[in-house]
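Below is protein07.csv, holding CSV, C-alpha atoms and all ligand atoms.
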```csv
chain,number,residue,atom,x,y,z
Z,641,MET,CA,0.0,0.0,0.0
Z,642,SER,CA,1.4,3.4,-1.0
Z,643,VAL,CA,1.5,5.9,1.9
Z,644,VAL,CA,2.9,9.5,2.2
Z,645,ARG,CA,5.6,9.9,4.8
Z,646,SER,CA,7.4,13.0,5.9
Z,647,VAL,CA,11.0,12.5,5.2
Z,648,VAL,CA,14.1,14.3,6.6
Z,649,THR,CA,15.9,15.5,3.5
Z,650,GLY,CA,18.4,17.9,5.1
Z,651,VAL,CA,20.0,18.6,8.4
Z,652,GLY,CA,21.8,21.7,9.6
Z,653,ALA,CA,23.4,23.1,12.8
Z,654,TYR,CA,24.8,26.3,14.2
Z,655,LEU,CA,26.8,26.9,17.4
Z,656,PRO,CA,27.8,30.4,18.5
Z,657,PRO,CA,31.6,30.7,18.3
Z,658,LYS,CA,32.2,31.5,22.0
Z,659,VAL,CA,33.2,28.4,24.0
Z,660,VAL,CA,33.0,28.4,27.8
Z,661,THR,CA,34.9,25.6,29.6
Z,662,ASN,CA,34.3,24.2,33.0
Z,663,ASP,CA,37.4,25.9,34.2
Z,664,ASP,CA,36.1,29.2,32.9
Z,665,LEU,CA,33.0,28.7,35.1
Z,666,SER,CA,34.9,27.7,38.1
Z,667,LYS,CA,36.5,31.2,38.2
Z,668,PHE,CA,33.2,32.7,39.4
Z,669,VAL,CA,31.0,29.7,40.6
Z,670,ASP,CA,31.9,27.3,43.4
Z,671,THR,CA,32.4,24.3,41.1
Z,672,SER,CA,35.2,22.3,39.4
Z,673,ASP,CA,35.9,20.7,36.1
Z,674,GLU,CA,36.3,17.4,38.0
Z,675,TRP,CA,32.8,17.6,39.5
Z,676,ILE,CA,31.0,18.6,36.3
Z,677,VAL,CA,32.7,15.9,34.2
Z,678,GLU,CA,32.1,13.2,36.8
Z,679,ARG,CA,28.4,14.0,37.4
Z,680,THR,CA,27.4,15.1,33.9
Z,681,GLY,CA,30.0,14.4,31.3
Z,682,ILE,CA,30.0,18.1,30.2
Z,683,ARG,CA,33.4,19.6,29.4
Z,684,GLN,CA,32.3,22.8,27.6
Z,685,ARG,CA,29.3,24.7,26.2
Z,686,HIS,CA,28.8,27.4,23.5
Z,687,GLN,CA,27.4,30.8,24.5
Z,688,ALA,CA,25.6,33.2,22.2
Z,689,ALA,CA,26.9,36.8,22.1
Z,690,ASP,CA,24.8,39.4,23.8
Z,691,ASP,CA,23.7,40.8,20.5
Z,692,GLN,CA,22.9,37.3,19.1
Z,693,PRO,CA,19.2,36.5,19.5
Z,694,VAL,CA,17.9,32.9,19.2
Z,695,SER,CA,16.4,33.7,15.8
Z,696,ASP,CA,20.0,34.3,14.5
Z,697,LEU,CA,21.1,30.8,15.6
Z,698,ALA,CA,17.9,29.3,14.2
Z,699,THR,CA,18.3,31.0,10.9
Z,700,GLU,CA,21.9,29.8,10.4
Z,701,ALA,CA,20.9,26.2,11.2
Z,702,ALA,CA,18.0,26.5,8.8
Z,703,ARG,CA,20.2,27.8,6.0
Z,704,GLU,CA,22.5,24.8,6.4
Z,705,ALA,CA,19.6,22.4,6.5
Z,706,LEU,CA,18.1,23.9,3.3
Z,707,ALA,CA,21.4,23.7,1.5
Z,708,ALA,CA,21.8,20.0,2.5
Z,709,ALA,CA,18.3,19.3,1.2
Z,710,GLY,CA,19.0,21.2,-2.1
Z,711,LYS,CA,16.2,23.6,-1.3
Z,712,THR,CA,16.0,27.4,-1.0
Z,713,ALA,CA,14.0,29.7,1.3
Z,714,ALA,CA,11.5,30.1,-1.6
Z,715,ASP,CA,10.5,26.5,-1.3
Z,716,VAL,CA,9.6,26.7,2.4
Z,717,ASP,CA,5.9,26.7,3.3
Z,718,LEU,CA,6.1,25.7,7.0
Z,719,ILE,CA,8.5,26.8,9.8
Z,720,ILE,CA,8.2,25.4,13.3
Z,721,VAL,CA,10.7,26.5,15.9
Z,722,ALA,CA,11.0,24.6,19.1
Z,723,THR,CA,12.3,27.0,21.7
Z,724,THR,CA,11.8,28.2,25.2
Z,725,THR,CA,14.1,31.3,24.8
Z,726,ALA,CA,12.3,33.4,22.2
Z,727,ASP,CA,13.7,36.8,21.1
Z,728,LEU,CA,10.5,38.5,22.3
Z,729,THR,CA,7.3,37.4,24.1
Z,730,PHE,CA,5.8,37.7,20.6
Z,731,PRO,CA,6.1,37.3,17.6
Z,732,ALA,CA,7.0,33.7,17.4
Z,733,VAL,CA,10.7,33.0,16.5
Z,734,ALA,CA,9.5,31.1,13.5
Z,735,THR,CA,8.1,34.2,11.9
Z,736,ILE,CA,11.4,36.1,12.6
Z,737,VAL,CA,13.3,33.2,10.9
Z,738,GLN,CA,10.9,33.4,8.0
Z,739,ARG,CA,11.7,37.1,7.5
Z,740,LYS,CA,15.5,36.6,8.0
Z,741,LEU,CA,15.5,33.7,5.5
Z,742,GLY,CA,13.3,35.6,3.0
Z,743,ALA,CA,10.8,32.8,2.9
Z,744,PRO,CA,7.4,33.5,1.3
Z,745,VAL,CA,4.1,33.8,3.2
Z,746,GLY,CA,3.3,30.3,4.7
Z,747,ILE,CA,2.7,28.7,8.1
Z,748,ALA,CA,5.1,29.7,10.9
Z,749,PHE,CA,4.8,29.2,14.7
Z,750,ASP,CA,6.7,28.1,17.7
Z,751,VAL,CA,6.3,25.0,19.9
Z,752,GLN,CA,7.0,25.3,23.6
Z,753,ALA,CA,7.8,21.9,25.2
Z,754,VAL,CA,11.3,22.9,26.5
Z,755,CYS,CA,13.8,20.1,26.2
Z,756,SER,CA,11.2,17.8,24.4
Z,757,GLY,CA,10.4,20.6,22.0
Z,758,PHE,CA,12.1,19.2,19.0
Z,759,VAL,CA,10.4,15.8,19.2
Z,760,TYR,CA,7.0,17.6,19.7
Z,761,ALA,CA,7.7,20.0,16.8
Z,762,LEU,CA,8.7,17.1,14.5
Z,763,SER,CA,5.5,15.3,15.3
Z,764,VAL,CA,3.4,18.4,14.5
Z,765,ALA,CA,5.3,19.0,11.3
Z,766,ASP,CA,4.8,15.3,10.3
Z,767,GLY,CA,1.1,15.9,10.6
Z,768,PHE,CA,1.2,18.9,8.2
Z,769,VAL,CA,3.6,17.2,5.6
Z,770,ALA,CA,2.1,13.7,5.6
Z,771,ARG,CA,-1.4,15.1,5.2
Z,772,GLY,CA,-0.4,17.4,2.3
Z,773,HIS,CA,-0.8,20.7,4.2
Z,774,ALA,CA,2.9,21.6,3.6
Z,775,LYS,CA,5.4,20.5,1.1
Z,776,CYS,CA,8.7,21.7,2.5
Z,777,ALA,CA,8.9,22.2,6.3
Z,778,LEU,CA,11.7,23.5,8.4
Z,779,VAL,CA,11.7,22.1,11.9
Z,780,ILE,CA,14.2,23.9,14.1
Z,781,GLY,CA,15.3,23.5,17.7
Z,782,ALA,CA,17.0,26.7,18.9
Z,783,GLU,CA,17.9,27.9,22.3
Z,784,THR,CA,19.9,30.5,24.2
Z,785,MET,CA,19.6,28.7,27.5
Z,786,THR,CA,22.5,30.6,29.1
Z,787,ARG,CA,20.2,33.7,29.2
Z,788,LEU,CA,18.0,31.9,31.7
Z,789,MET,CA,20.8,31.0,34.1
Z,790,ASP,CA,21.1,32.2,37.7
Z,791,TRP,CA,24.9,32.4,37.7
Z,792,SER,CA,25.0,32.0,41.5
Z,793,ASP,CA,23.2,28.6,41.3
Z,794,ARG,CA,25.9,26.0,40.7
Z,795,GLY,CA,23.3,23.2,40.5
Z,796,THR,CA,22.0,24.6,37.2
Z,797,CYS,CA,24.3,27.2,35.6
Z,798,VAL,CA,27.0,24.6,34.7
Z,799,LEU,CA,24.6,22.4,32.8
Z,800,PHE,CA,23.3,24.5,29.9
Z,801,GLY,CA,24.5,25.9,26.6
Z,802,ASP,CA,23.3,27.6,23.4
Z,803,GLY,CA,22.9,26.4,19.8
Z,804,ALA,CA,20.5,25.5,17.1
Z,805,GLY,CA,19.8,22.5,14.8
Z,806,ALA,CA,17.3,22.2,12.0
Z,807,VAL,CA,15.8,19.6,9.6
Z,808,VAL,CA,14.0,19.9,6.3
Z,809,LEU,CA,10.9,17.6,6.1
Z,810,GLU,CA,9.4,16.8,2.7
Z,811,ALA,CA,6.7,14.4,1.6
Z,812,GLY,CA,7.9,11.0,0.2
Z,813,GLU,CA,6.1,8.0,-1.1
Z,814,GLY,CA,6.4,4.9,1.0
Z,815,GLU,CA,5.2,1.3,0.9
Z,816,GLY,CA,3.7,1.5,4.4
Z,817,THR,CA,6.5,-0.7,5.8
Z,818,THR,CA,9.3,-0.1,8.2
Z,819,SER,CA,11.7,0.0,5.3
Z,820,ASP,CA,10.1,3.4,4.2
Z,821,ARG,CA,12.1,6.5,4.7
Z,822,GLY,CA,10.4,9.0,7.0
Z,823,MET,CA,8.6,9.3,10.4
Z,824,LEU,CA,7.5,5.8,11.6
Z,825,GLY,CA,6.3,6.3,15.1
Z,826,PHE,CA,6.0,8.9,17.9
Z,827,ALA,CA,5.2,8.8,21.6
Z,828,LEU,CA,4.6,12.2,23.3
Z,829,ARG,CA,4.0,12.6,27.0
Z,830,ALA,CA,3.5,15.5,29.5
Z,831,ASP,CA,2.8,15.5,33.3
Z,832,GLY,CA,1.8,19.0,34.5
Z,833,SER,CA,1.9,17.9,38.1
Z,834,LYS,CA,5.7,17.9,38.0
Z,835,GLN,CA,6.2,21.6,37.3
Z,836,GLU,CA,8.1,22.3,40.5
Z,837,LEU,CA,10.9,20.0,39.4
Z,838,LEU,CA,12.0,22.2,36.6
Z,839,TYR,CA,10.6,25.6,35.6
Z,840,VAL,CA,11.5,29.3,35.0
Z,841,ASP,CA,10.4,31.6,37.8
Z,842,GLY,CA,9.2,34.5,35.6
Z,843,GLY,CA,6.8,35.2,32.7
Z,844,PRO,CA,4.7,37.8,31.0
Z,845,SER,CA,1.5,37.2,32.9
Z,846,THR,CA,3.0,36.7,36.3
Z,847,THR,CA,6.2,38.6,37.1
Z,848,GLY,CA,6.5,40.5,33.9
Z,849,THR,CA,10.1,39.4,33.8
Z,850,VAL,CA,11.9,36.6,31.9
Z,851,GLY,CA,12.9,34.8,35.1
Z,852,LYS,CA,15.6,32.2,35.9
Z,853,LEU,CA,15.7,28.5,35.5
Z,854,ARG,CA,15.0,26.5,38.7
Z,855,MET,CA,15.6,22.7,38.9
Z,856,LEU,CA,15.5,19.9,41.5
Z,857,GLY,CA,18.2,18.1,39.5
Z,858,ASN,CA,18.3,14.8,41.3
Z,859,GLN,CA,14.5,14.4,41.1
Z,860,VAL,CA,14.4,15.2,37.4
Z,861,PHE,CA,17.2,12.6,37.0
Z,862,LYS,CA,15.1,9.9,38.6
Z,863,HIS,CA,12.1,10.7,36.4
Z,864,ALA,CA,14.2,10.8,33.3
Z,865,VAL,CA,15.4,7.3,33.0
Z,866,VAL,CA,12.1,5.6,33.9
Z,867,ASN,CA,9.8,7.8,31.8
Z,868,ILE,CA,12.0,8.0,28.7
Z,869,SER,CA,12.3,4.2,28.6
Z,870,GLU,CA,8.5,3.8,28.5
Z,871,ALA,CA,8.2,6.4,25.7
Z,872,ILE,CA,10.9,4.7,23.7
Z,873,HIS,CA,9.1,1.4,23.8
Z,874,ALA,CA,5.8,3.0,22.9
Z,875,ALA,CA,7.3,4.9,19.9
Z,876,ALA,CA,9.0,1.7,18.7
Z,877,GLU,CA,5.8,-0.2,19.0
Z,878,LYS,CA,3.9,2.4,17.0
Z,879,ALA,CA,6.7,2.2,14.4
Z,880,GLY,CA,6.5,-1.5,14.3
Z,881,VAL,CA,10.2,-2.1,15.0
Z,882,PRO,CA,12.0,-3.7,17.9
Z,883,VAL,CA,14.3,-1.3,19.7
Z,884,SER,CA,17.2,-3.6,18.9
Z,885,ASP,CA,16.7,-2.8,15.1
Z,886,VAL,CA,17.6,0.8,15.7
Z,887,ASP,CA,20.9,1.9,14.1
Z,888,TRP,CA,21.5,5.1,16.0
Z,889,PHE,CA,20.1,6.4,19.3
Z,890,ILE,CA,20.1,10.2,19.5
Z,891,PRO,CA,18.9,11.2,22.9
Z,892,HIS,CA,18.4,14.7,24.4
Z,893,GLN,CA,21.8,15.7,25.7
Z,894,ALA,CA,21.3,16.5,29.4
Z,895,ASN,CA,23.7,14.2,31.3
Z,896,GLN,CA,26.0,11.4,30.1
Z,897,ARG,CA,24.8,9.3,33.1
Z,898,ILE,CA,21.1,9.6,31.9
Z,899,LEU,CA,22.1,8.7,28.3
Z,900,GLN,CA,23.9,5.6,29.5
Z,901,GLY,CA,21.1,4.7,32.0
Z,902,VAL,CA,18.4,4.9,29.3
Z,903,ALA,CA,20.5,3.0,26.7
Z,904,HIS,CA,21.2,0.3,29.3
Z,905,ARG,CA,17.6,0.0,30.4
Z,906,CYS,CA,16.4,-0.3,26.8
Z,907,GLY,CA,19.1,-2.8,25.8
Z,908,ILE,CA,20.7,-0.4,23.3
Z,909,ASP,CA,24.4,-1.0,22.5
Z,910,GLU,CA,26.4,1.9,23.8
Z,911,ASN,CA,28.2,2.1,20.4
Z,912,LYS,CA,24.9,3.2,18.9
Z,913,VAL,CA,24.5,6.1,21.2
Z,914,VAL,CA,25.3,9.6,19.8
Z,915,SER,CA,26.6,11.8,22.6
Z,916,THR,CA,27.5,15.4,22.3
Z,917,VAL,CA,26.9,16.4,25.9
Z,918,ALA,CA,30.6,16.8,26.5
Z,919,ILE,CA,31.0,19.5,23.9
Z,920,HIS,CA,27.5,21.1,23.7
Z,921,ALA,CA,26.1,20.6,27.3
Z,922,ASN,CA,22.3,20.8,27.6
Z,923,THR,CA,20.9,22.9,24.7
Z,924,SER,CA,17.3,22.0,25.5
Z,925,ALA,CA,15.2,21.8,22.2
Z,926,ALA,CA,18.4,22.2,20.1
Z,927,SER,CA,20.2,19.2,21.5
Z,928,ILE,CA,18.8,16.4,19.3
Z,929,PRO,CA,19.1,18.2,15.9
Z,930,LEU,CA,22.6,19.3,17.0
Z,931,ALA,CA,23.6,15.8,17.8
Z,932,LEU,CA,22.0,14.5,14.6
Z,933,ALA,CA,23.9,17.0,12.5
Z,934,HIS,CA,27.2,16.1,14.4
Z,935,ALA,CA,26.9,12.4,13.7
Z,936,ILE,CA,25.9,13.0,10.0
Z,937,ASN,CA,28.9,15.3,9.5
Z,938,ASP,CA,31.3,12.8,11.1
Z,939,GLY,CA,30.1,10.1,8.7
Z,940,ARG,CA,28.4,7.8,11.3
Z,941,ILE,CA,24.7,8.4,10.4
Z,942,LYS,CA,23.8,7.7,6.8
Z,943,LYS,CA,20.7,7.9,4.6
Z,944,GLY,CA,18.5,4.9,5.2
Z,945,ASP,CA,19.6,4.4,8.9
Z,946,LEU,CA,16.9,3.7,11.5
Z,947,LEU,CA,17.0,6.4,14.2
Z,948,LEU,CA,15.6,6.7,17.6
Z,949,LEU,CA,15.2,10.2,19.1
Z,950,GLU,CA,14.1,10.8,22.7
Z,951,ALA,CA,13.9,13.8,25.0
Z,952,MET,CA,12.8,14.7,28.5
Z,953,GLY,CA,12.7,18.0,30.3
Z,954,GLY,CA,10.9,20.9,31.8
Z,955,GLY,CA,7.6,22.3,30.6
Z,956,GLY,CA,5.5,20.0,32.7
Z,957,LEU,CA,7.5,17.7,32.8
Z,958,THR,CA,7.4,16.7,29.1
Z,959,TRP,CA,9.0,13.8,27.3
Z,960,GLY,CA,8.8,11.8,24.2
Z,961,ALA,CA,10.4,9.6,21.6
Z,962,CYS,CA,10.4,9.2,17.8
Z,963,VAL,CA,11.5,6.5,15.4
Z,964,LEU,CA,12.3,7.4,11.9
Z,965,ARG,CA,14.2,6.2,8.9
Z,966,LEU,CA,16.6,8.8,7.5
J,1,LIG,O1,17.1,18.9,30.2
J,1,LIG,C1,16.3,19.0,31.3
J,1,LIG,C2,16.4,17.8,32.1
J,1,LIG,N1,17.4,18.0,33.1
J,1,LIG,C3,18.1,16.9,33.5
J,1,LIG,O2,18.0,15.9,32.9
J,1,LIG,C4,19.0,17.1,34.6
J,1,LIG,C5,18.9,15.9,35.5
J,1,LIG,N2,19.8,16.0,36.7
J,1,LIG,C6,21.1,15.9,36.6
J,1,LIG,O3,21.7,15.8,35.6
J,1,LIG,C7,21.8,15.8,38.0
J,1,LIG,O4,20.9,15.6,39.0
J,1,LIG,C8,22.7,17.0,38.3
J,1,LIG,C9,23.9,17.0,37.3
J,1,LIG,C10,21.9,18.3,38.1
J,1,LIG,C11,23.2,17.0,39.7
J,1,LIG,O5,23.9,15.7,39.9
J,1,LIG,P1,23.6,14.9,41.2
J,1,LIG,O6,24.5,13.8,41.2
J,1,LIG,O7,22.1,14.6,41.2
J,1,LIG,O8,24.0,15.9,42.4
J,1,LIG,P2,23.1,16.5,43.6
J,1,LIG,O9,22.1,17.5,43.0
J,1,LIG,O10,22.4,15.3,44.4
J,1,LIG,O11,24.1,17.2,44.4
J,1,LIG,C12,25.2,16.5,45.1
J,1,LIG,C13,26.2,17.5,45.7
J,1,LIG,C14,25.5,18.5,46.5
J,1,LIG,O12,26.4,18.8,47.6
J,1,LIG,P3,26.1,18.2,49.1
J,1,LIG,O13,24.7,18.7,49.5
J,1,LIG,O14,26.1,16.7,48.9
J,1,LIG,O15,27.2,18.7,49.9
J,1,LIG,C15,25.5,19.8,45.7
J,1,LIG,O16,25.5,21.0,46.4
J,1,LIG,O17,26.9,18.2,44.6
J,1,LIG,C16,26.8,19.6,44.9
J,1,LIG,N3,26.8,20.3,43.6
J,1,LIG,C17,27.9,20.8,43.0
J,1,LIG,N4,29.2,20.7,43.4
J,1,LIG,C18,30.1,21.2,42.6
J,1,LIG,C19,25.7,20.6,42.8
J,1,LIG,N5,26.1,21.3,41.7
J,1,LIG,C20,27.5,21.4,41.9
J,1,LIG,C21,28.5,21.9,41.0
J,1,LIG,N6,29.8,21.8,41.4
J,1,LIG,N7,28.2,22.5,39.8
```

Produce structure tokens that represent the structure in this file.
Ligand code: UT7
Amino acid sequence: MSVVRSVVTGVGAYLPPKVVTNDDLSKFVDTSDEWIVERTGIRQRHQAADDQPVSDLATEAAREALAAAGKTAADVDLIIVATTTADLTFPAVATIVQRKLGAPVGIAFDVQAVCSGFVYALSVADGFVARGHAKCALVIGAETMTRLMDWSDRGTCVLFGDGAGAVVLEAGEGEGTTSDRGMLGFALRADGSKQELLYVDGGPSTTGTVGKLRMLGNQVFKHAVVNISEAIHAAAEKAGVPVSDVDWFIPHQANQRILQGVAHRCGIDENKVVSTVAIHANTSAASIPLALAHAINDGRIKKGDLLLLEAMGGGGLTWGACVLRL
């Protein structure tokens, strides 16, 4: 049976040039390279310049993804940006990216699911493309998380970084089997009762300020491994593939110990795990497309590979997983 799938046809990434090492942080926060590496695996993070809004990062990643897909801005009819660090309260970053790219009038909006934002946005875009409402979609995860840091809180400020990653999604004909390229299965989850574990303490309708990120890290850690594993199995079941068939596991990059814990729990070989947490830290919604671009650029991930993406984070909590064939 012929089916229309939304297929990733191009991937791009952008990291701001400024690199901040753990030693750099230890000059003004009571921390050490040793502690950060041992507890998280993080060695460095990128930080956007003061005059670099998240839309600039998103636009650079989008340009690279379009070039990889052999498309131009003129082809784009849908832009979804997953972000929790918008330039302004409104308009959506997606419309600013549309203007900066010079893309024509089309559909453009943001998705707010924090660290799970990219998986949520991919699922939304899949709906538009697979049902024929868009032909060429840009799905972007972009964050300037360092703007939300309380630099006196060592429990959070050492964990996050800035960056953007993007994919182009286009419609492709499939046979309706797991050999098809494209999105094969999703599992999205949210639990609004866990807000106090991870949130930002400001907003336009409460404090009128942007606020700072607050996290009960060890409690989020405990939820992460258990919840993600359930979503991974649910996405694989929807896709109709055993988790053991996956070629590459591209998790949200929050903590090396979480990546390993989830892989172990799901029986995923550690050689299949793409990890960029050491060099990017936690870039929230940007972390999955950044890691995807990294492993495509270094030659590991190739067209036709079966990929498993998963994320977990604030915004509820929210979490989710996706199985796709590149
Ligand atoms: O993407 C969003 C999802 N977020 C996550 O997935 C994050 C999940 N959580 C984590 O990754 C870990 O819980 C952390 C890395 C945040 C913390 O690691 P932990 O092993 O859970 O440490 P902890 O919070 O239990 O703290 C242990 C100790 C404490 O000291 P005492 O009370 O034992 O004396 C902290 O004060 O480590 C101390 N500590 C630090 N020490 C040096 C906390 N942060 C630091 C630091 N440098 N940066």

For atom CA of Z:Gly767 and atom CA of Z:Ser642, determine how far apart the two atoms are, in Å to one decimal place.
17.1 Å

Sorted per-residue table, stretch 768-848 of chain Z near stretch 664-672 of chain Z, closest atoms and distance, 10 Å, only C-alpha atoms, as CSV:
```
residue,atom,partner,partner_atom,distance
Z:Trp791,CA,Z:Val669,CA,7.3
Z:Ser792,CA,Z:Val669,CA,6.5
Z:Asp793,CA,Z:Val669,CA,7.9
Z:Arg794,CA,Z:Val669,CA,6.3
Z:Gly795,CA,Z:Thr671,CA,9.2
Z:Cys797,CA,Z:Val669,CA,8.7
Z:Val798,CA,Z:Leu665,CA,7.3
```

Using the selection just defined, write its residues with C-alpha atoms as a tab-separated table (two decimals), in the coordinates of the input.
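out_3.tsv, written as the output of this step:
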```tsv
chain	number	residue	atom	x	y	z
Z	791	TRP	CA	24.90	32.40	37.70
Z	792	SER	CA	25.00	32.00	41.50
Z	793	ASP	CA	23.20	28.60	41.30
Z	794	ARG	CA	25.90	26.00	40.70
Z	795	GLY	CA	23.30	23.20	40.50
Z	797	CYS	CA	24.30	27.20	35.60
Z	798	VAL	CA	27.00	24.60	34.70
```

Residues within 8 Å of ligand LIG 1 (chain J), counting only C-alpha atoms and all ligand atoms: report them as a ChimeraX atom specification.
/Z:669-672,675-676,679-680,754-755,793-799,838,855-862,864,892-895,897-898,922-924,951-954

Any idea what's packed within 9 Å of stretch 685-690 of chain Z, counting only C-alpha atoms, ignoring anything in its chain fewer than 5 positions away? Could you give it as a ChimeraX atom specification?
/Z:655-662,697,784-787,798-803,917-923

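Taking atom CA of Z:Ala713 and atom CA of Z:Ala701 as endpoints, the distance between them is 12.6 Å.
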
Mind listing whatever residues come within 8 Å of the point (27.3, 13.0, 20.8)? Use all atoms listed in the file, file coordinates, and give them as a PyMOL selection string.
chain Z and resi 890+893+913-918+931+934-935

Given only C-alpha atoms as the counted atoms, nearest of Z:Pro891, Z:Gly816, Z:Pro693, Z:Gly901 to Z:Val866
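Counting only C-alpha atoms, the residue closest to Z:Val866 is Z:Gly901.
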
Minimum-distance residue to Z:Trp888, chosen among Z:Gln900, Z:Thr849, Z:Arg821, Z:Val963 (using all atoms listed in the file)
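Among Z:Gln900, Z:Thr849, Z:Arg821, Z:Val963, it is Z:Val963 that comes nearest to Z:Trp888.
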
Record the distance separating atom CA of Z:Ala804 and atom CA of Z:Ile682, expressed in Å with one decimal.
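Distance reported for this atom pair: 17.8 Å.
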
Neighbour residues at most 7 Å from (16.2, 30.4, 13.3) (all atoms listed in the file) as a short mmCIF file (atom, residue, chain, number, x, y, z; two decimals) with C-alpha atoms, keeping the file's coordinate frame:
```cif
data_model
loop_
_atom_site.label_atom_id
_atom_site.label_comp_id
_atom_site.auth_asym_id
_atom_site.auth_seq_id
_atom_site.Cartn_x
_atom_site.Cartn_y
_atom_site.Cartn_z
CA VAL Z 694 17.90 32.90 19.20
CA SER Z 695 16.40 33.70 15.80
CA ASP Z 696 20.00 34.30 14.50
CA LEU Z 697 21.10 30.80 15.60
CA ALA Z 698 17.90 29.30 14.20
CA THR Z 699 18.30 31.00 10.90
CA GLU Z 700 21.90 29.80 10.40
CA ALA Z 701 20.90 26.20 11.20
CA ALA Z 702 18.00 26.50 8.80
CA VAL Z 733 10.70 33.00 16.50
CA ALA Z 734 9.50 31.10 13.50
CA VAL Z 737 13.30 33.20 10.90
CA ILE Z 780 14.20 23.90 14.10
CA ALA Z 782 17.00 26.70 18.90
#
```

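Distance check against Z:Ala961 using all atoms listed in the file: of Z:Val881, Z:Ile941, Z:Leu899, Z:Ala827, the minimum falls on Z:Ala827.
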
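The list of residues with at least one atom within 9 Å of Z:Ala903, based on only C-alpha atoms and without residues fewer than 6 positions apart in the same chain, reads Ser869, Phe889, Asp909, Glu910, Lys912 and Val913 of chain Z.
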
Contacts of stretch 706-711 of chain Z at 7 Å or less, counting all atoms listed in the file, minus same-chain residues fewer than 4 places along, as a list in words?
Thr649, Gly650, Val651, Ala702, Asp715 and Val808 of chain Z

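Of the listed residues (Z:Ala925, Z:Met789, Z:Ala770, Z:Ala879), Z:Met789 comes nearest to Z:Gly851; the distances count only C-alpha atoms.
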
Rank nothing, just name the residue among Z:Pro731, Z:Gly825, Z:Gly781, Z:Gly832 nearest to Z:Ala761, using only C-alpha atoms.
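Ranked by minimum distance to Z:Ala761, first place goes to Z:Gly781.
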
Using all atoms listed in the file, which of Z:Asn937, Z:Ser845, Z:Ser646, Z:Thr735 sits nearest Z:Ala774?
Z:Ser646

Z:Arg854 environment, 7 Å, only C-alpha atoms, sequence neighbours closer than 6 positions dropped, as JSON, numbers by chain
{"Z": [838, 839, 840, 841]}
